[in-house]
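Asker: See data32.cif below, with mmCIF, C-alpha atoms and all ligand atoms.
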```cif
data_upload
loop_
_atom_site.label_atom_id
_atom_site.label_comp_id
_atom_site.auth_asym_id
_atom_site.auth_seq_id
_atom_site.Cartn_x
_atom_site.Cartn_y
_atom_site.Cartn_z
CA MET A 1 0.00 0.00 0.00
CA PHE A 2 2.81 2.45 0.85
CA SER A 3 5.46 3.14 -1.77
CA ALA A 4 9.13 2.65 -0.93
CA ASN A 5 9.54 6.43 -1.15
CA CYS A 6 6.75 6.98 1.37
CA LEU A 7 8.18 4.45 3.83
CA LYS A 8 11.67 5.88 3.36
CA ALA A 9 10.43 9.45 4.00
CA LEU A 10 8.48 8.33 7.07
CA SER A 11 11.36 6.26 8.43
CA SER A 12 13.60 9.29 8.70
CA ALA A 13 10.97 11.99 9.34
CA GLN A 14 11.70 14.17 12.35
CA SER A 15 8.90 16.62 11.56
CA VAL A 16 5.40 15.66 10.33
CA CYS A 17 2.48 17.97 9.56
CA VAL A 18 -1.04 16.71 8.88
CA LEU A 19 -4.04 18.53 7.37
CA THR A 20 -7.41 16.84 7.80
CA GLY A 21 -10.81 17.48 6.27
CA ALA A 22 -14.30 16.08 6.67
CA GLY A 23 -13.26 12.69 5.24
CA VAL A 24 -11.34 11.83 8.40
CA SER A 25 -14.62 12.02 10.38
CA GLU A 26 -16.70 10.16 7.79
CA GLU A 27 -16.03 6.73 9.34
CA SER A 28 -17.32 8.09 12.65
CA GLY A 29 -20.65 8.75 10.94
CA VAL A 30 -20.25 12.50 10.37
CA PRO A 31 -21.47 13.32 6.84
CA THR A 32 -18.87 15.04 4.63
CA PHE A 33 -19.58 18.18 2.70
CA ARG A 34 -19.04 17.29 -0.92
CA SER A 35 -18.95 13.51 -1.20
CA ALA A 36 -22.15 11.91 -2.52
CA GLY A 37 -24.72 11.99 0.26
CA GLY A 38 -22.73 14.70 2.03
CA ILE A 39 -24.52 17.45 3.95
CA TRP A 40 -23.86 20.04 1.28
CA GLU A 41 -26.00 18.06 -1.18
CA LYS A 42 -29.01 19.78 0.38
CA PHE A 43 -27.24 23.08 1.01
CA LYS A 44 -24.97 24.95 -1.38
CA PRO A 45 -21.89 25.46 0.79
CA GLU A 46 -20.75 28.82 -0.52
CA ASP A 47 -24.27 30.30 -0.07
CA PHE A 48 -25.33 28.51 3.08
CA ALA A 49 -22.23 28.85 5.32
CA ARG A 50 -22.10 32.62 4.98
CA PHE A 51 -22.81 35.40 7.51
CA GLU A 52 -25.30 37.09 5.18
CA SER A 53 -27.27 33.81 4.90
CA PHE A 54 -27.25 33.53 8.69
CA ILE A 55 -28.49 37.09 9.30
CA SER A 56 -31.23 36.76 6.67
CA ASN A 57 -32.43 33.40 8.02
CA PRO A 58 -30.86 32.55 11.40
CA GLU A 59 -33.52 29.93 12.15
CA LEU A 60 -32.69 27.91 9.01
CA VAL A 61 -28.93 28.12 9.57
CA TRP A 62 -29.33 27.17 13.24
CA GLU A 63 -31.53 24.25 12.21
CA TRP A 64 -28.58 22.93 10.22
CA TYR A 65 -26.08 23.50 13.02
CA HIS A 66 -28.36 21.98 15.65
CA TYR A 67 -28.58 18.87 13.41
CA ARG A 68 -24.80 18.72 13.00
CA LYS A 69 -24.16 19.25 16.74
CA LYS A 70 -26.60 16.44 17.52
CA VAL A 71 -24.77 14.11 15.09
CA ILE A 72 -21.41 15.02 16.62
CA ARG A 73 -22.68 14.42 20.18
CA GLU A 74 -23.72 10.91 19.15
CA VAL A 75 -20.53 9.78 17.38
CA LEU A 76 -17.08 8.71 18.56
CA PRO A 77 -13.61 9.31 17.15
CA ASN A 78 -12.66 6.54 14.71
CA PRO A 79 -9.32 4.65 14.36
CA GLY A 80 -8.08 7.39 12.03
CA HIS A 81 -8.46 10.06 14.72
CA VAL A 82 -6.85 7.74 17.29
CA ALA A 83 -3.94 6.96 14.95
CA LEU A 84 -3.18 10.67 14.55
CA ALA A 85 -3.24 11.09 18.34
CA HIS A 86 -0.68 8.24 18.62
CA MET A 87 1.43 9.67 15.78
CA GLN A 88 1.92 12.83 17.82
CA ASP A 89 3.99 10.81 20.33
CA LEU A 90 6.01 8.92 17.72
CA VAL A 91 7.52 11.93 15.92
CA PRO A 92 9.70 14.61 17.55
CA ASP A 93 7.87 17.48 15.84
CA PHE A 94 4.19 16.87 14.99
CA THR A 95 1.52 19.39 13.97
CA LEU A 96 -2.14 18.55 13.33
CA VAL A 97 -4.15 21.12 11.35
CA THR A 98 -7.84 20.52 10.75
CA GLN A 99 -10.61 22.10 8.68
CA ASN A 100 -13.13 20.14 10.72
CA VAL A 101 -15.25 21.87 13.34
CA ASP A 102 -16.37 18.65 15.10
CA GLY A 103 -13.69 18.50 17.84
CA LEU A 104 -13.15 14.76 17.24
CA HIS A 105 -9.34 15.04 17.07
CA ALA A 106 -9.19 16.44 20.61
CA ARG A 107 -11.67 13.80 21.79
CA ALA A 108 -9.30 11.16 20.35
CA GLY A 109 -6.43 12.59 22.41
CA SER A 110 -4.70 14.90 19.90
CA ARG A 111 -3.15 17.94 21.59
CA ASP A 112 -2.71 21.52 20.31
CA VAL A 113 -4.89 20.92 17.26
CA ILE A 114 -4.96 23.93 14.92
CA GLU A 115 -8.68 24.41 14.09
CA LEU A 116 -8.61 26.51 10.93
CA HIS A 117 -12.40 26.79 10.66
CA GLY A 118 -13.37 27.02 14.34
CA ASN A 119 -15.38 24.61 16.47
CA ILE A 120 -19.12 23.94 16.27
CA THR A 121 -19.43 23.28 20.03
CA ARG A 122 -18.70 26.96 20.77
CA SER A 123 -21.05 29.88 20.02
CA TYR A 124 -20.80 33.62 20.53
CA CYS A 125 -23.06 36.66 20.43
CA VAL A 126 -23.05 38.62 17.17
CA GLU A 127 -23.80 41.81 19.16
CA CYS A 128 -21.49 41.77 22.18
CA GLY A 129 -19.14 38.89 21.34
CA LEU A 130 -19.84 37.03 24.58
CA PHE A 131 -19.15 33.31 24.25
CA ALA A 132 -21.92 30.93 25.30
CA GLY A 133 -21.37 27.44 26.67
CA GLU A 134 -23.36 24.44 25.52
CA GLU A 135 -25.89 24.98 28.32
CA GLU A 136 -26.86 28.44 27.06
CA GLN A 137 -27.30 27.18 23.50
CA ALA A 138 -30.54 25.52 24.53
CA VAL A 139 -31.17 23.11 21.68
CA PHE A 140 -34.92 23.67 21.97
CA GLU A 141 -34.25 27.37 21.18
CA LYS A 142 -34.56 27.65 17.40
CA THR A 143 -32.26 30.69 17.42
CA PRO A 144 -30.29 30.83 20.68
CA ARG A 145 -29.93 34.28 22.25
CA CYS A 146 -27.19 35.91 24.34
CA LYS A 147 -27.98 35.87 28.06
CA GLU A 148 -26.27 39.25 28.53
CA CYS A 149 -27.72 41.39 25.74
CA GLY A 150 -30.28 39.22 23.97
CA GLY A 151 -28.31 39.33 20.72
CA LEU A 152 -28.24 36.43 18.28
CA LEU A 153 -25.78 33.65 19.06
CA ARG A 154 -23.82 32.21 16.11
CA PRO A 155 -21.66 29.08 15.86
CA ASP A 156 -17.94 29.79 16.40
CA VAL A 157 -17.04 28.59 12.89
CA VAL A 158 -15.42 30.39 9.95
CA TRP A 159 -17.94 31.04 7.18
CA PHE A 160 -17.09 31.82 3.57
CA GLY A 161 -15.73 35.31 3.21
CA GLU A 162 -14.59 35.33 6.83
CA LEU A 163 -11.02 35.38 8.06
CA LEU A 164 -9.54 32.34 9.78
CA PRO A 165 -8.79 32.58 13.53
CA ALA A 166 -5.86 34.93 14.18
CA GLY A 167 -2.55 33.11 13.82
CA ALA A 168 -4.03 29.75 12.80
CA LEU A 169 -2.96 29.85 9.16
CA GLU A 170 0.45 31.29 10.02
CA LYS A 171 1.10 28.49 12.53
CA ALA A 172 -0.05 25.88 10.02
CA MET A 173 2.14 27.33 7.28
CA GLU A 174 5.19 27.38 9.59
CA ALA A 175 4.67 23.68 10.30
CA ALA A 176 4.16 22.96 6.60
CA HIS A 177 7.40 24.75 5.70
CA ARG A 178 9.50 22.86 8.28
CA CYS A 179 8.07 19.36 7.97
CA ASP A 180 9.79 16.39 6.27
CA VAL A 181 6.49 14.58 5.61
CA PHE A 182 3.06 16.16 5.06
CA LEU A 183 -0.18 14.15 5.10
CA SER A 184 -3.32 15.61 3.46
CA VAL A 185 -6.11 13.40 4.79
CA GLY A 186 -9.80 13.32 3.82
CA THR A 187 -10.04 16.70 2.17
CA SER A 188 -11.33 17.55 -1.29
CA GLY A 189 -8.86 20.42 -1.41
CA VAL A 190 -11.36 22.95 -2.77
CA VAL A 191 -11.50 25.39 0.16
CA TYR A 192 -8.82 28.04 0.49
CA PRO A 193 -6.59 29.06 2.16
CA ALA A 194 -6.59 25.58 3.81
CA ALA A 195 -5.92 23.82 0.50
CA SER A 196 -2.79 25.91 -0.02
CA ILE A 197 -1.10 24.34 3.04
CA PRO A 198 -0.21 20.97 1.43
CA LEU A 199 1.02 22.88 -1.62
CA ALA A 200 3.27 25.04 0.57
CA ALA A 201 4.71 21.89 2.14
CA ARG A 202 5.42 20.42 -1.30
CA ASN A 203 7.08 23.64 -2.45
CA ALA A 204 9.21 23.64 0.69
CA GLY A 205 10.50 20.16 -0.14
CA ALA A 206 8.38 17.92 2.11
CA TYR A 207 7.25 14.48 0.92
CA VAL A 208 3.49 15.05 0.57
CA VAL A 209 1.12 12.09 0.79
CA GLU A 210 -2.62 12.42 0.17
CA ILE A 211 -4.97 9.88 1.77
CA ASN A 212 -8.47 9.92 0.30
CA ARG A 213 -11.19 7.63 -0.97
CA GLU A 214 -10.75 9.23 -4.41
CA TYR A 215 -8.44 11.53 -6.36
CA THR A 216 -8.90 15.25 -5.69
CA ASP A 217 -7.98 18.63 -7.15
CA LEU A 218 -4.75 18.40 -5.11
CA SER A 219 -3.73 14.92 -6.32
CA PRO A 220 -1.61 16.06 -9.30
CA ARG A 221 0.46 18.22 -6.92
CA MET A 222 1.09 15.47 -4.30
CA ASN A 223 4.12 13.16 -4.21
CA GLU A 224 1.63 10.34 -3.96
CA THR A 225 -2.03 9.62 -3.31
CA ILE A 226 -3.12 6.57 -1.34
CA ILE A 227 -6.70 5.66 -2.19
CA GLY A 228 -8.66 4.21 0.71
CA PRO A 229 -10.40 5.03 4.00
CA SER A 230 -8.26 7.05 6.40
CA GLY A 231 -9.59 5.01 9.33
CA GLU A 232 -7.74 1.99 7.87
CA ILE A 233 -4.69 3.67 6.32
CA LEU A 234 -3.62 5.93 9.20
CA PRO A 235 -3.32 3.05 11.73
CA LEU A 236 -1.06 1.22 9.24
CA LEU A 237 1.16 4.29 9.02
CA VAL A 238 1.35 4.40 12.82
CA THR A 239 2.33 0.71 12.89
CA HIS A 240 5.21 1.55 10.58
CA LEU A 241 6.29 4.46 12.77
CA THR A 242 6.03 2.29 15.90
CA GLN A 243 8.29 -0.35 14.31
CA ARG A 244 10.72 2.45 13.41
CA ALA A 245 10.69 3.65 17.03
CA SER A 246 11.41 0.14 18.35
CA HIS A 247 14.47 -0.20 16.08
CA GLU A 248 15.90 3.19 17.01
CA PRO A 249 18.76 3.20 19.52
CA SER A 250 17.20 4.33 22.82
C1 LIG B 1 -11.22 33.48 3.27
C2 LIG B 1 -16.87 26.02 8.33
C3 LIG B 1 -10.25 35.56 3.08
C4 LIG B 1 -18.30 26.09 8.59
C5 LIG B 1 -16.15 26.06 6.02
C6 LIG B 1 -12.17 31.37 -5.58
C7 LIG B 1 -11.05 30.55 -5.62
C8 LIG B 1 -10.41 30.17 -4.45
C9 LIG B 1 -10.89 30.61 -3.21
C10 LIG B 1 -12.01 31.39 -3.19
C11 LIG B 1 -12.65 31.79 -4.36
N1 LIG B 1 -13.70 32.55 -4.00
C12 LIG B 1 -13.76 32.67 -2.64
C13 LIG B 1 -12.72 31.98 -2.15
C14 LIG B 1 -12.35 31.83 -0.74
C15 LIG B 1 -13.22 30.81 -0.05
C16 LIG B 1 -13.14 29.48 -0.76
O1 LIG B 1 -12.18 28.74 -0.58
N2 LIG B 1 -14.15 29.15 -1.58
C17 LIG B 1 -14.07 27.92 -2.34
C18 LIG B 1 -15.27 27.03 -2.01
C19 LIG B 1 -14.03 28.26 -3.82
N3 LIG B 1 -12.64 30.69 1.27
C20 LIG B 1 -13.07 31.49 2.26
O2 LIG B 1 -13.99 32.25 2.17
C21 LIG B 1 -12.27 31.37 3.55
N4 LIG B 1 -11.97 32.69 4.02
O3 LIG B 1 -10.74 33.17 2.21
O4 LIG B 1 -11.09 34.69 3.82
C22 LIG B 1 -10.64 36.91 3.33
C23 LIG B 1 -9.73 37.88 2.99
C24 LIG B 1 -10.05 39.16 3.21
C25 LIG B 1 -11.28 39.50 3.78
C26 LIG B 1 -12.19 38.50 4.14
C27 LIG B 1 -11.87 37.19 3.90
C28 LIG B 1 -13.08 30.67 4.63
C29 LIG B 1 -13.26 29.22 4.23
C30 LIG B 1 -13.92 28.46 5.38
C31 LIG B 1 -15.32 28.13 5.01
N5 LIG B 1 -15.91 27.34 6.09
N6 LIG B 1 -16.71 25.41 7.04
C32 LIG B 1 -18.88 24.73 8.83
O5 LIG B 1 -18.18 23.70 8.78
O6 LIG B 1 -20.09 24.72 9.09
S1 LIG B 1 -15.75 25.21 4.63
C33 LIG B 1 -16.12 23.56 4.73
O7 LIG B 1 -15.33 22.98 3.67
C34 LIG B 1 -15.67 22.82 5.98
O8 LIG B 1 -14.92 23.60 6.89
C35 LIG B 1 -14.76 21.75 5.42
O9 LIG B 1 -13.85 21.35 6.32
C36 LIG B 1 -14.19 22.47 4.28
C37 LIG B 1 -13.41 21.70 3.29
O10 LIG B 1 -14.14 20.58 2.93
P1 LIG B 1 -13.47 19.15 3.20
O11 LIG B 1 -13.10 19.08 4.64
O12 LIG B 1 -12.40 18.91 2.21
O13 LIG B 1 -14.70 18.20 3.01
P2 LIG B 1 -15.32 17.70 1.63
O14 LIG B 1 -16.64 17.09 1.91
O15 LIG B 1 -15.21 18.79 0.60
O16 LIG B 1 -14.32 16.54 1.16
C38 LIG B 1 -14.24 15.36 1.94
C39 LIG B 1 -13.15 14.53 1.28
O17 LIG B 1 -12.94 13.36 2.07
C40 LIG B 1 -13.50 14.05 -0.11
O18 LIG B 1 -12.40 14.24 -0.96
C41 LIG B 1 -13.79 12.55 0.08
O19 LIG B 1 -13.40 11.79 -1.04
C42 LIG B 1 -12.91 12.23 1.24
N7 LIG B 1 -13.34 11.11 2.08
C43 LIG B 1 -14.61 10.77 2.42
N8 LIG B 1 -14.56 9.72 3.28
C44 LIG B 1 -13.24 9.43 3.49
C45 LIG B 1 -12.47 10.31 2.73
N9 LIG B 1 -11.12 10.28 2.72
C46 LIG B 1 -10.52 9.33 3.47
N10 LIG B 1 -11.21 8.45 4.23
C47 LIG B 1 -12.56 8.47 4.27
N11 LIG B 1 -13.22 7.59 5.04
ZN ZN B 2 -24.57 39.64 23.64
#
```
Would it be possible to restate this file's structure as structure tokens?
Ligand code: BV8
Ligand code: ZN
Answerer:
Amino acid sequence: MFSANCLKALSSAQSVCVLTGAGVSEESGVPTFRSAGGIWEKFKPEDFARFESFISNPELVWEWYHYRKKVIREVLPNPGHVALAHMQDLVPDFTLVTQNVDGLHARAGSRDVIELHGNITRSYCVECGLFAGEEEQAVFEKTPRCKECGGLLRPDVVWFGELLPAGALEKAMEAAHRCDVFLSVGTSGVVYPAASIPLAARNAGAYVVEINREYTDLSPRMNETIIGPSGEILPLLVTHLTQRASHEPS
């Protein structure tokens, strides 16, 4: 499954950076955005996940986020998430960057995850900026309101046309520029600036491996693409790294 080049690059890698997308959560039961049957099939992403759409119809947008939060509450991290949490302890310098807003990497044990597009479990007031915990986002409330000023609460996610969290992209790019191996896992590579991170790693000389169920827009720019479910492929990569660790002089 892994080419000799991939195994060689991994065997000597001191620095690994990983970018994940919705595909890494698919085997947990979280629908992806653009694969067949994905959540965007009913909603056009670029129109729906946009502040203007939210302000013009907060009830409809909250209906979608309440549904997604409910799904996320009911699922567990899958072996792919767990493998990435293990990988963090097998490589001297490891950075995990995600486009996902589901928090499943942290629930699997990954530390210091860079969440480029925010986190669906957090909400804040569009008027005063106050953050609201899960308890204040009463699910029965169609459009949750701020307990301080009564303003509309919105999910703490990055919508189209919005800037990424301060410093997130810079930190991700730094890791991409210094890594020996970069893994692009479960992302269609259509959303920017996230999709530019694997390309920056490639340009900086990293060995870039894409793991996906199918070829993507990024595939021609990768060193190699491994076709298959990340929940099966990532644990195999960790097995390889574990064997490497056991052969290294202690
Ligand atoms: C910004 C958060 C700048 C909300 C999301 C024209 C060209 C290029 C760019 C643009 C353009 N026009 C506009 C832009 C910029 C725009 C953009 O990229 N648009 C694209 C769509 C053309 N980007 C932005 O607006 C960004 N902000 O640029 O600001 C700026 C500058 C100045 C002033 C103001 C602003 C903000 C982008 C963030 C948008 N927010 N979501 C929410 O989640 O509710 S995007 C959404 O897409 C999710 O975050 C998701 O993570 C992201 C990417 O999708 P993927 O994760 O890749 O998921 P997808 O379903 O697409 O693919 C899943 C893949 O997994 C598939 O390939 C599938 O085969 C694979 N798979 C499935 N199962 C498995 C698997 N692989 C392995 N194993 C499996 N089991
Ligand atoms: Zn408020």
Asker: Counting all atoms listed in the file, name the residues that have an atom within 6 Å of an atom of ligand LIG 1 (chain B); the answer should be given as a VMD selection string.
Answerer: chain A and resid 21 to 24 26 to 27 32 to 35 46 49 99 to 101 117 157 to 163 186 to 193 211 to 214 216 229 to 230
Asker: List all protein, DNA and RNA residues that have any atom at most 10 Å from ligand ZN 2 (chain B), counting all atoms listed in the file, and write the list as a list in words.
Answerer: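 Protein and nucleic-acid residues within 10 Å of ligand ZN 2 (chain B): Tyr124, Cys125, Val126, Glu127, Cys128, Gly129, Leu130, Phe131, Ala132, Arg145, Cys146, Lys147, Glu148, Cys149, Gly150, Gly151, Leu152 and Leu153 of chain A.
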Asker: Please list as an mmCIF file with C-alpha atoms, keeping the file's coordinate frame every residue within 12 Å of Lys142 in chain A, counting only C-alpha atoms and excluding residues in the same chain fewer than 6 positions away.
Answerer:
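File produced: part-v3.cif:
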```cif
data_model
loop_
_atom_site.group_PDB
_atom_site.id
_atom_site.type_symbol
_atom_site.label_atom_id
_atom_site.label_comp_id
_atom_site.auth_asym_id
_atom_site.auth_seq_id
_atom_site.Cartn_x
_atom_site.Cartn_y
_atom_site.Cartn_z
ATOM 1 C CA ASN A 57 -32.430 33.400 8.020
ATOM 2 C CA PRO A 58 -30.860 32.550 11.400
ATOM 3 C CA GLU A 59 -33.520 29.930 12.150
ATOM 4 C CA LEU A 60 -32.690 27.910 9.010
ATOM 5 C CA VAL A 61 -28.930 28.120 9.570
ATOM 6 C CA TRP A 62 -29.330 27.170 13.240
ATOM 7 C CA GLU A 63 -31.530 24.250 12.210
ATOM 8 C CA TRP A 64 -28.580 22.930 10.220
ATOM 9 C CA TYR A 65 -26.080 23.500 13.020
ATOM 10 C CA HIS A 66 -28.360 21.980 15.650
ATOM 11 C CA TYR A 67 -28.580 18.870 13.410
ATOM 12 C CA LEU A 152 -28.240 36.430 18.280
ATOM 13 C CA LEU A 153 -25.780 33.650 19.060
ATOM 14 C CA ARG A 154 -23.820 32.210 16.110
#
```
Asker: Could you state the separation of CA of Val82 in chain A and CA of Gly29 in chain A in Å, given to one decimal place?
Answerer: 15.2 Å
Asker: Restricting the calculation to only C-alpha atoms: of A:Val97, A:Leu237, A:Ile55, A:Ala168, which residue gets closest to Cys17 in chain A?
Answerer: A:Val97
Asker: I need the residue nearest Met87 in chain A from this list: A:Ser110, A:Ser12, A:Asn203, A:Thr20. Use all atoms listed in the file for the distance.
Answerer: A:Ser110
Asker: Excluding Leu241 in chain A and any residue of its chain fewer than 3 positions from it, enumerate the residues within 7 Å of it, using only C-alpha atoms, and give them as a PyMOL selection string.
Answerer: chain A and resi 11+90+237-238+244-245
Asker: Name the closest residue to Gly80 in chain A among the candidates A:Gln14, A:Gln243, A:Ser28, A:Thr225; distances are taken between atoms, counting all atoms listed in the file.
Answerer: A:Ser28
Asker: Could you give me the centre and size, in Å to one decimal, of an axis-aligned box around all listed atoms of range 94-110 of chain A with 4 Å added on every side, as lines of an AutoDock Vina configuration file?
Answerer:
```
center_x = -6.1
center_y = 16.6
center_z = 15.5
size_x = 28.6
size_y = 18.9
size_z = 21.7
```
Asker: Provide range 219-233 of chain A rebuilt to N, CA and C atoms, formatted as an mmCIF file, keeping the file's coordinate frame.
Answerer:
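Contents of out16.cif, as written:
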```
data_model
loop_
_atom_site.group_PDB
_atom_site.id
_atom_site.type_symbol
_atom_site.label_atom_id
_atom_site.label_comp_id
_atom_site.auth_asym_id
_atom_site.auth_seq_id
_atom_site.Cartn_x
_atom_site.Cartn_y
_atom_site.Cartn_z
ATOM 1 N N SER A 219 -4.506 16.141 -6.015
ATOM 2 C CA SER A 219 -3.730 14.920 -6.320
ATOM 3 C C SER A 219 -2.551 15.146 -7.270
ATOM 4 N N PRO A 220 -2.751 15.905 -8.369
ATOM 5 C CA PRO A 220 -1.610 16.060 -9.300
ATOM 6 C C PRO A 220 -0.406 16.756 -8.660
ATOM 7 N N ARG A 221 -0.627 17.458 -7.530
ATOM 8 C CA ARG A 221 0.460 18.220 -6.920
ATOM 9 C C ARG A 221 1.085 17.471 -5.726
ATOM 10 N N MET A 222 0.584 16.250 -5.446
ATOM 11 C CA MET A 222 1.090 15.470 -4.300
ATOM 12 C C MET A 222 2.255 14.596 -4.759
ATOM 13 N N ASN A 223 3.111 14.154 -3.843
ATOM 14 C CA ASN A 223 4.120 13.160 -4.210
ATOM 15 C C ASN A 223 3.431 11.831 -4.467
ATOM 16 N N GLU A 224 2.415 11.541 -3.664
ATOM 17 C CA GLU A 224 1.630 10.340 -3.960
ATOM 18 C C GLU A 224 0.264 10.422 -3.289
ATOM 19 N N THR A 225 -0.669 9.703 -3.875
ATOM 20 C CA THR A 225 -2.030 9.620 -3.310
ATOM 21 C C THR A 225 -2.321 8.166 -3.000
ATOM 22 N N ILE A 226 -2.732 7.932 -1.753
ATOM 23 C CA ILE A 226 -3.120 6.570 -1.340
ATOM 24 C C ILE A 226 -4.642 6.542 -1.280
ATOM 25 N N ILE A 227 -5.232 5.722 -2.109
ATOM 26 C CA ILE A 227 -6.700 5.660 -2.190
ATOM 27 C C ILE A 227 -7.209 4.631 -1.176
ATOM 28 N N GLY A 228 -8.083 5.120 -0.283
ATOM 29 C CA GLY A 228 -8.660 4.210 0.710
ATOM 30 C C GLY A 228 -9.171 5.009 1.906
ATOM 31 N N PRO A 229 -9.860 4.334 2.822
ATOM 32 C CA PRO A 229 -10.400 5.030 4.000
ATOM 33 C C PRO A 229 -9.316 5.389 5.004
ATOM 34 N N SER A 230 -9.331 6.602 5.477
ATOM 35 C CA SER A 230 -8.260 7.050 6.400
ATOM 36 C C SER A 230 -8.292 6.270 7.700
ATOM 37 N N GLY A 231 -9.477 5.774 8.078
ATOM 38 C CA GLY A 231 -9.590 5.010 9.330
ATOM 39 C C GLY A 231 -8.834 3.688 9.262
ATOM 40 N N GLU A 232 -8.540 3.226 8.027
ATOM 41 C CA GLU A 232 -7.740 1.990 7.870
ATOM 42 C C GLU A 232 -6.279 2.319 7.556
ATOM 43 N N ILE A 233 -6.063 3.360 6.792
ATOM 44 C CA ILE A 233 -4.690 3.670 6.320
ATOM 45 C C ILE A 233 -3.844 4.307 7.422
#
```
